[in-house]
file target-v2.cif (mmCIF, C-alpha atoms)
data_work
loop_
_atom_site.label_atom_id
_atom_site.label_comp_id
_atom_site.auth_asym_id
_atom_site.auth_seq_id
_atom_site.Cartn_x
_atom_site.Cartn_y
_atom_site.Cartn_z
CA MET A 1004 20.52 138.24 21.07
CA ASP A 1005 18.49 140.98 19.38
CA GLY A 1006 15.08 140.18 20.86
CA ALA A 1007 13.75 139.09 17.48
CA GLU A 1008 11.09 136.41 17.33
CA PRO A 1009 12.74 132.97 17.53
CA ALA A 1010 13.16 131.30 14.20
CA VAL A 1011 11.02 128.24 13.56
CA ALA A 1012 13.40 125.31 13.22
CA ALA A 1013 13.61 123.61 9.85
CA GLY A 1014 14.42 119.95 9.45
CA THR A 1015 15.39 117.83 12.44
CA PRO A 1016 14.59 119.57 15.74
CA ARG A 1017 17.39 120.11 18.23
CA HIS A 1018 16.39 117.90 21.14
CA PHE A 1019 18.05 117.88 24.57
CA LEU A 1020 17.86 114.24 25.61
CA ASP A 1021 21.22 113.44 27.22
CA LEU A 1022 24.55 115.11 27.94
CA ALA A 1023 26.42 112.07 26.64
CA GLY A 1024 25.40 113.13 23.14
CA LEU A 1025 26.85 116.65 23.48
CA ASP A 1026 30.48 117.68 23.09
CA ALA A 1027 32.49 119.47 25.76
CA ALA A 1028 32.20 122.88 24.07
CA THR A 1029 28.40 122.69 24.02
CA VAL A 1030 28.15 121.66 27.68
CA ALA A 1031 30.50 124.49 28.66
CA ARG A 1032 28.47 126.94 26.58
CA LEU A 1033 25.26 125.88 28.35
CA ILE A 1034 26.82 126.53 31.76
CA GLU A 1035 28.23 129.88 30.69
CA ALA A 1036 24.85 130.95 29.29
CA ALA A 1037 23.10 129.89 32.49
CA ASP A 1038 25.62 131.86 34.56
CA THR A 1039 25.15 134.96 32.42
CA ARG A 1040 21.37 134.75 32.71
CA ALA A 1041 21.61 134.23 36.48
CA ARG A 1042 23.72 137.35 36.99
CA ALA A 1043 21.38 139.43 34.84
CA ARG A 1044 18.39 138.65 37.08
CA ALA A 1045 19.62 140.62 40.11
CA GLY A 1046 16.96 142.95 41.49
CA ARG A 1047 14.15 141.81 39.20
CA PHE A 1048 10.75 140.41 40.07
CA LYS A 1049 10.76 136.69 39.40
CA ALA A 1050 8.21 136.79 36.56
CA ALA A 1051 9.65 139.88 34.85
CA PRO A 1052 10.99 138.99 31.38
CA ASP A 1053 14.65 139.27 30.51
CA ASP A 1054 15.55 142.42 28.59
CA ASP A 1055 16.12 140.56 25.33
CA ALA A 1056 13.07 138.24 25.72
CA PRO A 1057 14.64 135.81 23.22
CA LEU A 1058 11.64 133.44 23.15
CA ALA A 1059 8.97 136.12 22.73
CA GLY A 1060 6.01 134.52 20.98
CA ALA A 1061 7.11 130.94 21.68
CA ALA A 1062 4.80 128.43 23.36
CA VAL A 1063 6.38 125.60 25.38
CA ALA A 1064 4.42 122.58 26.63
CA CYS A 1065 5.77 121.20 29.92
CA LEU A 1066 4.57 117.61 30.30
CA PHE A 1067 4.74 115.75 33.62
CA ALA A 1068 4.11 112.03 33.91
CA LYS A 1069 5.64 112.10 37.41
CA PRO A 1070 5.42 114.52 40.37
CA SER A 1071 7.68 117.57 40.39
CA THR A 1072 8.37 120.74 42.35
CA ARG A 1073 11.69 122.22 41.17
CA THR A 1074 11.45 121.08 37.55
CA ARG A 1075 7.84 122.20 37.20
CA VAL A 1076 8.33 125.66 38.68
CA SER A 1077 11.72 126.31 37.11
CA PHE A 1078 10.59 125.45 33.58
CA ASP A 1079 7.42 127.52 33.93
CA LEU A 1080 9.40 130.56 35.08
CA ALA A 1081 12.22 129.90 32.60
CA VAL A 1082 9.82 130.16 29.69
CA ARG A 1083 8.18 133.27 31.13
CA GLN A 1084 11.51 135.01 31.79
CA LEU A 1085 12.61 134.25 28.23
CA GLY A 1086 9.43 135.92 27.00
CA GLY A 1087 7.50 132.78 26.04
CA ALA A 1088 4.25 131.18 27.17
CA PRO A 1089 4.41 127.93 29.22
CA LEU A 1090 1.65 125.33 29.17
CA THR A 1091 2.02 122.88 32.08
CA LEU A 1092 0.24 119.57 31.56
CA ASP A 1093 -0.05 116.52 33.84
CA ARG A 1094 -0.60 112.97 32.65
CA ALA A 1095 -3.86 112.77 34.63
CA GLY A 1096 -5.25 115.73 32.71
CA MET A 1097 -4.24 114.47 29.27
CA GLN A 1098 -5.42 111.68 27.00
CA THR A 1099 -2.10 109.90 27.53
CA GLY A 1100 -3.54 109.03 30.95
CA ARG A 1101 -6.26 107.11 29.12
CA GLY A 1102 -3.94 105.35 26.71
CA GLU A 1103 -3.37 107.76 23.80
CA PRO A 1104 0.02 106.87 22.28
CA LEU A 1105 2.89 109.23 23.00
CA ASP A 1106 3.76 109.53 19.33
CA ASP A 1107 0.24 110.78 18.58
CA THR A 1108 0.57 113.25 21.44
CA ALA A 1109 3.88 114.48 20.02
CA ARG A 1110 2.43 115.00 16.54
CA VAL A 1111 -0.52 116.98 17.90
CA LEU A 1112 1.53 119.12 20.29
CA SER A 1113 3.99 119.89 17.49
CA ARG A 1114 1.13 121.71 15.74
CA TYR A 1115 0.34 123.78 18.84
CA VAL A 1116 3.67 124.60 20.54
CA ASP A 1117 7.26 125.42 19.66
CA ALA A 1118 8.97 123.07 22.14
CA ILE A 1119 8.13 120.34 24.65
CA THR A 1120 9.71 119.48 27.99
CA PHE A 1121 8.89 116.00 29.28
CA ARG A 1122 9.33 114.39 32.71
CA ALA A 1123 8.81 110.75 31.77
CA HIS A 1124 8.50 107.45 33.56
CA THR A 1125 11.00 105.77 31.24
CA HIS A 1126 13.73 106.89 28.88
CA GLY A 1127 11.96 104.91 26.18
CA ASP A 1128 8.90 107.11 26.58
CA LEU A 1129 11.08 110.20 26.11
CA GLU A 1130 12.65 108.75 22.96
CA THR A 1131 9.21 107.85 21.57
CA LEU A 1132 7.92 111.38 22.09
CA ALA A 1133 11.07 112.95 20.64
CA GLY A 1134 11.07 110.60 17.66
CA ALA A 1135 7.59 111.72 16.63
CA SER A 1136 7.95 115.42 17.50
CA ASP A 1137 8.56 118.13 14.92
CA VAL A 1138 9.68 120.55 17.67
CA PRO A 1139 12.54 120.30 20.21
CA VAL A 1140 12.00 117.96 23.16
CA VAL A 1141 13.82 118.41 26.49
CA ASN A 1142 14.50 115.58 28.92
CA ALA A 1143 13.09 116.90 32.21
CA LEU A 1144 13.94 113.57 33.93
CA THR A 1145 13.64 109.91 33.06
CA ASP A 1146 14.48 106.72 34.92
CA TYR A 1147 17.86 106.77 33.16
CA SER A 1148 19.09 110.36 33.31
CA HIS A 1149 18.44 113.92 34.47
CA PRO A 1150 20.58 116.23 32.29
CA CYS A 1151 18.80 119.45 33.33
CA GLN A 1152 19.85 118.77 36.91
CA ALA A 1153 23.46 118.21 35.84
CA ILE A 1154 23.67 121.61 34.14
CA ALA A 1155 22.44 123.25 37.34
CA ASP A 1156 24.92 121.19 39.36
CA MET A 1157 27.86 122.24 37.20
CA LEU A 1158 26.72 125.86 37.29
CA THR A 1159 26.67 125.70 41.10
CA LEU A 1160 30.18 124.23 41.20
CA LYS A 1161 31.44 126.84 38.73
CA GLN A 1162 30.06 129.58 40.97
CA ARG A 1163 31.69 128.06 44.07
CA LEU A 1164 34.94 126.63 42.69
CA GLY A 1165 35.69 128.69 39.60
CA SER A 1166 37.13 126.19 37.15
CA LEU A 1167 35.54 122.75 36.84
CA ALA A 1168 38.54 121.20 35.10
CA GLY A 1169 40.39 119.00 37.55
CA ALA A 1170 37.73 119.27 40.26
CA ARG A 1171 36.96 116.06 42.14
CA ILE A 1172 33.36 115.17 42.97
CA ALA A 1173 32.28 112.48 45.44
CA TRP A 1174 28.93 110.79 44.82
CA LEU A 1175 27.47 108.77 47.69
CA GLY A 1176 24.49 106.41 47.73
CA ASP A 1177 22.38 105.31 44.79
CA GLY A 1178 23.84 105.27 41.27
CA ASN A 1179 20.62 106.72 39.90
CA ASN A 1180 19.59 109.00 37.03
CA VAL A 1181 21.14 112.06 38.69
CA ALA A 1182 24.45 110.23 39.11
CA VAL A 1183 24.40 109.21 35.45
CA SER A 1184 24.01 112.78 34.20
CA LEU A 1185 26.51 114.08 36.75
CA VAL A 1186 29.12 111.69 35.34
CA HIS A 1187 28.24 112.67 31.76
CA ALA A 1188 28.74 116.35 32.61
CA ALA A 1189 31.90 115.80 34.64
CA VAL A 1190 33.58 113.82 31.89
CA ARG A 1191 32.77 116.48 29.32
CA LEU A 1192 34.15 119.24 31.58
CA GLY A 1193 37.29 117.47 32.79
CA ALA A 1194 36.19 116.83 36.39
CA SER A 1195 36.71 113.50 38.12
CA VAL A 1196 34.08 111.53 40.02
CA ARG A 1197 34.39 108.91 42.76
CA LEU A 1198 31.20 106.97 43.48
CA ALA A 1199 30.48 104.87 46.56
CA GLY A 1200 27.28 102.95 47.17
CA PRO A 1201 25.78 99.53 47.88
CA ASP A 1202 26.43 96.55 45.63
CA GLY A 1203 23.90 96.32 42.84
CA ARG A 1204 23.15 100.05 42.90
CA MET A 1205 25.96 101.27 40.64
CA PRO A 1206 25.45 101.32 36.84
CA ASP A 1207 28.33 99.30 35.35
CA ALA A 1208 27.61 100.65 31.86
CA LEU A 1209 28.28 104.17 33.12
CA PHE A 1210 31.84 103.31 34.13
CA ALA A 1211 32.44 101.68 30.75
CA TRP A 1212 31.14 104.78 28.97
CA ALA A 1213 33.34 107.09 31.04
CA ALA A 1214 36.43 104.97 30.39
CA ALA A 1215 35.74 104.96 26.64
CA GLN A 1216 35.51 108.78 26.76
CA GLY A 1217 38.79 109.09 28.65
CA GLY A 1218 37.07 110.25 31.83
CA ASP A 1219 38.40 109.93 35.36
CA VAL A 1220 35.48 108.09 36.97
CA ALA A 1221 35.70 105.18 39.40
CA ARG A 1222 33.78 103.30 42.03
CA VAL A 1223 35.44 103.17 45.46
CA ALA A 1224 34.71 100.89 48.40
CA THR A 1225 33.77 103.39 51.10
CA ALA A 1226 32.25 106.80 51.59
CA GLU A 1227 35.48 107.96 53.18
CA ALA A 1228 37.51 106.95 50.13
CA ALA A 1229 35.16 108.94 47.91
CA VAL A 1230 35.19 112.07 50.06
CA ASP A 1231 38.91 112.29 50.82
CA GLY A 1232 40.36 114.94 48.52
CA ALA A 1233 36.97 115.98 47.08
CA GLN A 1234 35.97 119.54 46.25
CA ALA A 1235 32.29 118.57 46.17
CA VAL A 1236 30.24 115.92 47.98
CA TYR A 1237 26.93 114.97 46.40
CA THR A 1238 24.12 112.69 47.50
CA ASP A 1239 20.48 112.11 46.60
CA THR A 1240 17.50 110.44 48.22
CA TRP A 1241 17.84 106.69 48.64
CA LYS A 1242 14.18 106.34 47.67
CA SER A 1243 13.81 107.39 44.05
CA MET A 1244 10.33 107.82 42.60
CA GLY A 1245 8.98 104.39 41.72
CA ASP A 1246 11.73 102.65 43.70
CA GLU A 1247 10.71 103.32 47.30
CA ALA A 1248 11.14 99.69 48.44
CA VAL A 1249 14.89 99.87 49.07
CA ASP A 1250 17.04 98.38 51.80
CA LEU A 1251 17.88 101.48 53.84
CA ASP A 1252 20.33 99.52 55.99
CA ALA A 1253 22.48 98.85 52.93
CA PHE A 1254 22.73 102.59 52.30
CA ALA A 1255 23.50 103.60 55.88
CA PRO A 1256 27.32 103.56 55.46
CA TYR A 1257 26.95 106.23 52.78
CA ARG A 1258 25.03 108.80 54.83
CA VAL A 1259 26.61 112.25 54.65
CA SER A 1260 27.35 113.22 58.25
CA GLU A 1261 29.21 116.12 59.80
CA ALA A 1262 32.09 113.77 60.54
CA LEU A 1263 32.26 112.70 56.90
CA MET A 1264 32.21 116.28 55.64
CA ALA A 1265 34.99 117.13 58.10
CA ARG A 1266 37.27 114.92 55.99
CA ALA A 1267 36.88 117.52 53.19
CA PRO A 1268 36.49 120.81 55.10
CA GLU A 1269 36.63 122.98 51.95
CA ALA A 1270 34.22 120.83 49.95
CA VAL A 1271 30.82 122.01 48.75
CA PHE A 1272 27.81 119.85 49.66
CA LEU A 1273 25.21 119.21 46.94
CA HIS A 1274 21.79 117.55 47.00
CA CYS A 1275 19.23 117.78 44.21
CA LEU A 1276 16.28 117.56 46.65
CA PRO A 1277 13.91 116.49 48.06
CA ALA A 1278 16.09 115.55 51.05
CA TYR A 1279 15.30 113.13 53.84
CA ARG A 1280 17.15 114.47 56.86
CA GLY A 1281 18.60 111.71 58.98
CA GLN A 1282 18.71 109.25 56.10
CA GLU A 1283 21.05 110.17 53.25
CA VAL A 1284 22.20 113.40 54.95
CA ASP A 1285 22.32 114.90 58.42
CA ALA A 1286 20.25 118.05 58.90
CA ALA A 1287 23.36 119.84 60.16
CA VAL A 1288 25.10 119.20 56.83
CA LEU A 1289 22.12 120.19 54.68
CA GLU A 1290 21.72 123.44 56.61
CA GLY A 1291 25.42 123.95 57.32
CA PRO A 1292 28.09 126.28 55.93
CA GLN A 1293 29.34 123.80 53.31
CA SER A 1294 25.88 123.35 51.80
CA ALA A 1295 25.10 124.87 48.41
CA VAL A 1296 21.73 123.14 47.99
CA TRP A 1297 19.60 126.29 47.91
CA ASP A 1298 21.82 127.93 45.29
CA GLN A 1299 21.72 124.62 43.45
CA ALA A 1300 17.91 124.62 43.53
CA GLU A 1301 17.76 128.21 42.23
CA ASN A 1302 20.17 127.30 39.47
CA ARG A 1303 17.64 124.88 38.03
CA LEU A 1304 15.85 127.97 36.70
CA HIS A 1305 18.93 129.45 35.06
CA ALA A 1306 19.93 126.05 33.65
CA GLN A 1307 16.48 125.52 32.09
CA LYS A 1308 16.78 128.87 30.32
CA ALA A 1309 20.14 127.96 28.80
CA ILE A 1310 18.80 124.56 27.71
CA LEU A 1311 15.76 126.08 26.03
CA LEU A 1312 17.93 128.62 24.21
CA HIS A 1313 20.18 125.77 23.05
CA CYS A 1314 17.15 123.96 21.62
CA PHE A 1315 16.09 127.10 19.75
CA ASP A 1316 19.68 127.71 18.56
CA ARG A 1317 19.68 131.01 20.43
CA LEU A 1318 22.74 130.62 22.69
#

call {"tool": "encode", "arguments": {"input": "target-v2.cif", "output": "structure tokens"}}
result
Amino acid sequence: MDGAEPAVAAGTPRHFLDLAGLDAATVARLIEAADTRARARAGRFKAAPDDDAPLAGAAVACLFAKPSTRTRVSFDLAVRQLGGAPLTLDRAGMQTGRGEPLDDTARVLSRYVDAITFRAHTHGDLETLAGASDVPVVNALTDYSHPCQAIADMLTLKQRLGSLAGARIAWLGDGNNVAVSLVHAAVRLGASVRLAGPDGRMPDALFAWAAAQGGDVARVATAEAAVDGAQAVYTDTWKSMGDEAVDLDAFAPYRVSEALMARAPEAVFLHCLPAYRGQEVDAAVLEGPQSAVWDQAENRLHAQKAILLHCFDRL
């Protein structure tokens, strides 16, 4: 990086829509770049730009069709730290909230900004926006996947475990968008995943994809079977946005308790937040010595920076 103004992409923009479409070397490079950026921030004010300011002069529109705390703040600061200018826009404050087509929005924003991040209601909405955009589009969460979260998750595990190859991750609860991207990342990096959750809440297509890629991913019958032998234990809220009417009793056997974590005393506990203490996880686990959730939350910032640099071909 020489601090030069980022080149304007020619031809097809480099989107970041899903980890399943990236090869292992690219995923590893994203995590390494995030780790390097994280270490370089020591002692700095949070809004101070990085020394190289690789996105100086770049404008990035951060679109949110759904509520957000970590993704909103981390992308805003990521752009600032890289030297660019973020523009955070909510659906309620845009014409999309009144029915303007997403492809029209993409064409207009492509004339104003150099990249777009989009937290969308559906993966189809993301693909529509990306298909009409002349600038890179980043998946900041859809109903199908959350690849930005997975890069932060793998960065956290790299910091705690060292090598990711051969690591075993237990996923408990809902087979949601975070679980999908976690499996995509794990397969690319040579980690194994054991998932346990209620019937009807595990994405069958995900297991088929992992098998076709040669990944070590399986559903197991109980939380205990998933956790035994794990180096990381991961859960998420049982009430995803837009899917709050869930049978909490069906999820109860998959709650992460102190007793469950005691089966893997060296394991790291992960949660992408927000957490509902007493439901998917005990407060003592979330706040306990095995928890890495606050490092994991911080790492969203460093992950977003690596992802943006990937989209600008600046890694």

call {"tool": "closest_atom_pairs", "arguments": {"input": "target-v2.cif", "of": "region 1025-1133 of chain A", "to": "region 1163-1170 of chain A", "cutoff": "12 Å", "atoms": "only C-alpha atoms", "output": "JSON lines"}}
result
{"residue": "A:Ala1027", "atom": "CA", "partner": "A:Ala1168", "partner_atom": "CA", "distance": 11.3}
{"residue": "A:Val1030", "atom": "CA", "partner": "A:Leu1167", "partner_atom": "CA", "distance": 11.8}
{"residue": "A:Ala1031", "atom": "CA", "partner": "A:Leu1167", "partner_atom": "CA", "distance": 9.8}
{"residue": "A:Ile1034", "atom": "CA", "partner": "A:Leu1167", "partner_atom": "CA", "distance": 10.8}
{"residue": "A:Glu1035", "atom": "CA", "partner": "A:Ser1166", "partner_atom": "CA", "distance": 11.6}
{"residue": "A:Asp1038", "atom": "CA", "partner": "A:Gly1165", "partner_atom": "CA", "distance": 11.7}

call {"tool": "resolve_selection", "arguments": {"input": "target-v2.cif", "expression": "the PyMOL selection byres ((chain A and resi 1018) around 9)", "output": "compact mmCIF listing (two decimals) with C-alpha atoms, keeping the file's coordinate frame"}}
result
# COMPACT_ATOMS: atom_id res chain seq x y z
CA THR A 1015 15.39 117.83 12.44
CA PRO A 1016 14.59 119.57 15.74
CA ARG A 1017 17.39 120.11 18.23
CA PHE A 1019 18.05 117.88 24.57
CA LEU A 1020 17.86 114.24 25.61
CA ASP A 1021 21.22 113.44 27.22
CA ALA A 1133 11.07 112.95 20.64
CA VAL A 1138 9.68 120.55 17.67
CA PRO A 1139 12.54 120.30 20.21
CA VAL A 1140 12.00 117.96 23.16
CA VAL A 1141 13.82 118.41 26.49
CA ASN A 1142 14.50 115.58 28.92
CA HIS A 1313 20.18 125.77 23.05
CA CYS A 1314 17.15 123.96 21.62

call {"tool": "resolve_selection", "arguments": {"input": "target-v2.cif", "expression": "the PyMOL selection byres ((chain A and resi 1222) around 8)", "output": "NGL selection string"}}
result
:A and (1197-1199 or 1220-1221 or 1223-1224)

call {"tool": "closest_residue", "arguments": {"input": "target-v2.cif", "among": "A:Ala1061, A:Ala1189, A:Val1181, A:Ala1229", "to": "Pro1206 (chain A)", "atoms": "all atoms listed in the file"}}
result
A:Val1181

call {"tool": "resolve_selection", "arguments": {"input": "target-v2.cif", "expression": "the PyMOL selection byres ((chain A and resi 1184) around 12)", "output": "MDAnalysis selection string"}}
result
chainID A and resid 1020:1025 1030 1142:1157 1174 1178:1183 1185:1191 1196 1206 1209 1212:1213

call {"tool": "residues_around", "arguments": {"input": "target-v2.cif", "residues": "Arg1094 (chain A)", "least_positions_apart": "6", "cutoff": "10 Å", "atoms": "only C-alpha atoms", "output": "VMD selection string"}}
result
chain A and resid 1066 to 1070 1100 to 1101 1123

call {"tool": "write_last_selection", "arguments": {"input": "target-v2.cif", "atoms": "C-alpha atoms", "output": "PDB file, in the frame of the given file"}}
result
ATOM      1  CA  LEU A1066       4.570 117.610  30.300  1.00  0.00           C
ATOM      2  CA  PHE A1067       4.740 115.750  33.620  1.00  0.00           C
ATOM      3  CA  ALA A1068       4.110 112.030  33.910  1.00  0.00           C
ATOM      4  CA  LYS A1069       5.640 112.100  37.410  1.00  0.00           C
ATOM      5  CA  PRO A1070       5.420 114.520  40.370  1.00  0.00           C
ATOM      6  CA  GLY A1100      -3.540 109.030  30.950  1.00  0.00           C
ATOM      7  CA  ARG A1101      -6.260 107.110  29.120  1.00  0.00           C
ATOM      8  CA  ALA A1123       8.810 110.750  31.770  1.00  0.00           C
TER       9      ALA A1123
END

call {"tool": "residues_around", "arguments": {"input": "target-v2.cif", "residues": "region 1284-1300 of chain A", "least_positions_apart": "5", "cutoff": "8 Å", "atoms": "only C-alpha atoms", "output": "count of residues only"}}
result
21

call {"tool": "atom_distance", "arguments": {"input": "target-v2.cif", "atom1": "CA of Arg1032 (chain A)", "atom2": "CA of Asp1079 (chain A)"}}
result
22.3 Å

call {"tool": "closest_residue", "arguments": {"input": "target-v2.cif", "among": "A:Thr1225, A:Gln1084, A:Thr1108, A:Thr1039", "to": "Leu1175 (chain A)", "atoms": "only C-alpha atoms"}}
result
A:Thr1225

call {"tool": "residues_around", "arguments": {"input": "target-v2.cif", "residues": "Arg1042 (chain A)", "least_positions_apart": "6", "cutoff": "12 Å", "atoms": "only C-alpha atoms", "output": "ChimeraX atom specification"}}
result
/A:1035-1036,1053,1158,1162,1302,1305

call {"tool": "atom_distance", "arguments": {"input": "target-v2.cif", "atom1": "CA of Lys1161 (chain A)", "atom2": "CA of Ala1037 (chain A)"}}
result
10.9 Å

call {"tool": "closest_residue", "arguments": {"input": "target-v2.cif", "among": "A:Val1236, A:Ala1265, A:Leu1112, A:Leu1085", "to": "Arg1044 (chain A)", "atoms": "only C-alpha atoms"}}
result
A:Leu1085

call {"tool": "atom_distance", "arguments": {"input": "target-v2.cif", "atom1": "CA of Lys1049 (chain A)", "atom2": "CA of Ala1064 (chain A)"}}
result
20.1 Å

call {"tool": "closest_residue", "arguments": {"input": "target-v2.cif", "among": "A:Arg1114, A:Arg1040, A:Arg1122, A:Arg1204", "to": "Ile1310 (chain A)", "atoms": "all atoms listed in the file"}}
result
A:Arg1040

call {"tool": "decode", "arguments": {"input": "target-v2.cif", "residues": "region 1021-1040 of chain A", "atoms": "N, CA, C and O atoms", "output": "mmCIF file, in the first residue's frame"}}
result
data_model
loop_
_atom_site.group_PDB
_atom_site.id
_atom_site.type_symbol
_atom_site.label_atom_id
_atom_site.label_comp_id
_atom_site.auth_asym_id
_atom_site.auth_seq_id
_atom_site.Cartn_x
_atom_site.Cartn_y
_atom_site.Cartn_z
ATOM 1 N N ASP A 1021 -20.857 -13.510 -0.945
ATOM 2 C CA ASP A 1021 -20.871 -14.753 -0.177
ATOM 3 C C ASP A 1021 -19.489 -15.378 -0.162
ATOM 4 O O ASP A 1021 -18.765 -15.324 -1.160
ATOM 5 N N LEU A 1022 -19.148 -16.022 0.954
ATOM 6 C CA LEU A 1022 -17.855 -16.690 1.044
ATOM 7 C C LEU A 1022 -17.809 -17.951 0.208
ATOM 8 O O LEU A 1022 -16.716 -18.394 -0.177
ATOM 9 N N ALA A 1023 -18.948 -18.534 -0.091
ATOM 10 C CA ALA A 1023 -18.965 -19.760 -0.896
ATOM 11 C C ALA A 1023 -18.374 -19.515 -2.277
ATOM 12 O O ALA A 1023 -17.862 -20.446 -2.917
ATOM 13 N N GLY A 1024 -18.413 -18.283 -2.752
ATOM 14 C CA GLY A 1024 -17.879 -17.955 -4.061
ATOM 15 C C GLY A 1024 -16.408 -17.595 -4.064
ATOM 16 O O GLY A 1024 -15.856 -17.291 -5.124
ATOM 17 N N LEU A 1025 -15.757 -17.617 -2.893
ATOM 18 C CA LEU A 1025 -14.338 -17.279 -2.801
ATOM 19 C C LEU A 1025 -13.521 -18.539 -2.567
ATOM 20 O O LEU A 1025 -13.980 -19.481 -1.930
ATOM 21 N N ASP A 1026 -12.273 -18.535 -3.041
ATOM 22 C CA ASP A 1026 -11.417 -19.698 -2.796
ATOM 23 C C ASP A 1026 -10.733 -19.566 -1.437
ATOM 24 O O ASP A 1026 -10.782 -18.526 -0.775
ATOM 25 N N ALA A 1027 -10.088 -20.642 -1.023
ATOM 26 C CA ALA A 1027 -9.466 -20.690 0.301
ATOM 27 C C ALA A 1027 -8.395 -19.620 0.464
ATOM 28 O O ALA A 1027 -8.275 -18.993 1.530
ATOM 29 N N ALA A 1028 -7.599 -19.388 -0.585
ATOM 30 C CA ALA A 1028 -6.515 -18.409 -0.493
ATOM 31 C C ALA A 1028 -7.066 -17.005 -0.258
ATOM 32 O O ALA A 1028 -6.499 -16.221 0.513
ATOM 33 N N THR A 1029 -8.177 -16.675 -0.894
ATOM 34 C CA THR A 1029 -8.764 -15.345 -0.728
ATOM 35 C C THR A 1029 -9.325 -15.171 0.674
ATOM 36 O O THR A 1029 -9.129 -14.124 1.307
ATOM 37 N N VAL A 1030 -10.010 -16.181 1.193
ATOM 38 C CA VAL A 1030 -10.553 -16.094 2.553
ATOM 39 C C VAL A 1030 -9.414 -15.940 3.560
ATOM 40 O O VAL A 1030 -9.480 -15.109 4.472
ATOM 41 N N ALA A 1031 -8.358 -16.717 3.387
ATOM 42 C CA ALA A 1031 -7.207 -16.617 4.290
ATOM 43 C C ALA A 1031 -6.555 -15.241 4.203
ATOM 44 O O ALA A 1031 -6.129 -14.669 5.221
ATOM 45 N N ARG A 1032 -6.501 -14.686 2.995
ATOM 46 C CA ARG A 1032 -5.893 -13.366 2.808
ATOM 47 C C ARG A 1032 -6.734 -12.278 3.495
ATOM 48 O O ARG A 1032 -6.184 -11.329 4.071
ATOM 49 N N LEU A 1033 -8.054 -12.416 3.458
ATOM 50 C CA LEU A 1033 -8.927 -11.472 4.149
ATOM 51 C C LEU A 1033 -8.667 -11.479 5.648
ATOM 52 O O LEU A 1033 -8.576 -10.425 6.284
ATOM 53 N N ILE A 1034 -8.532 -12.670 6.222
ATOM 54 C CA ILE A 1034 -8.311 -12.780 7.661
ATOM 55 C C ILE A 1034 -6.940 -12.238 8.036
ATOM 56 O O ILE A 1034 -6.790 -11.528 9.042
ATOM 57 N N GLU A 1035 -5.950 -12.522 7.243
ATOM 58 C CA GLU A 1035 -4.603 -12.014 7.517
ATOM 59 C C GLU A 1035 -4.577 -10.492 7.432
ATOM 60 O O GLU A 1035 -3.936 -9.819 8.265
ATOM 61 N N ALA A 1036 -5.257 -9.927 6.440
ATOM 62 C CA ALA A 1036 -5.298 -8.471 6.303
ATOM 63 C C ALA A 1036 -6.018 -7.833 7.484
ATOM 64 O O ALA A 1036 -5.593 -6.788 8.003
ATOM 65 N N ALA A 1037 -7.116 -8.457 7.921
ATOM 66 C CA ALA A 1037 -7.842 -7.943 9.079
ATOM 67 C C ALA A 1037 -6.969 -7.981 10.324
ATOM 68 O O ALA A 1037 -6.956 -7.035 11.133
ATOM 69 N N ASP A 1038 -6.221 -9.052 10.494
ATOM 70 C CA ASP A 1038 -5.340 -9.189 11.658
ATOM 71 C C ASP A 1038 -4.240 -8.128 11.632
ATOM 72 O O ASP A 1038 -3.927 -7.509 12.660
ATOM 73 N N THR A 1039 -3.674 -7.897 10.473
ATOM 74 C CA THR A 1039 -2.626 -6.883 10.340
ATOM 75 C C THR A 1039 -3.163 -5.493 10.672
ATOM 76 O O THR A 1039 -2.526 -4.715 11.394
ATOM 77 N N ARG A 1040 -4.335 -5.186 10.156
ATOM 78 C CA ARG A 1040 -4.955 -3.881 10.434
ATOM 79 C C ARG A 1040 -5.281 -3.740 11.914
ATOM 80 O O ARG A 1040 -5.127 -2.659 12.501
#
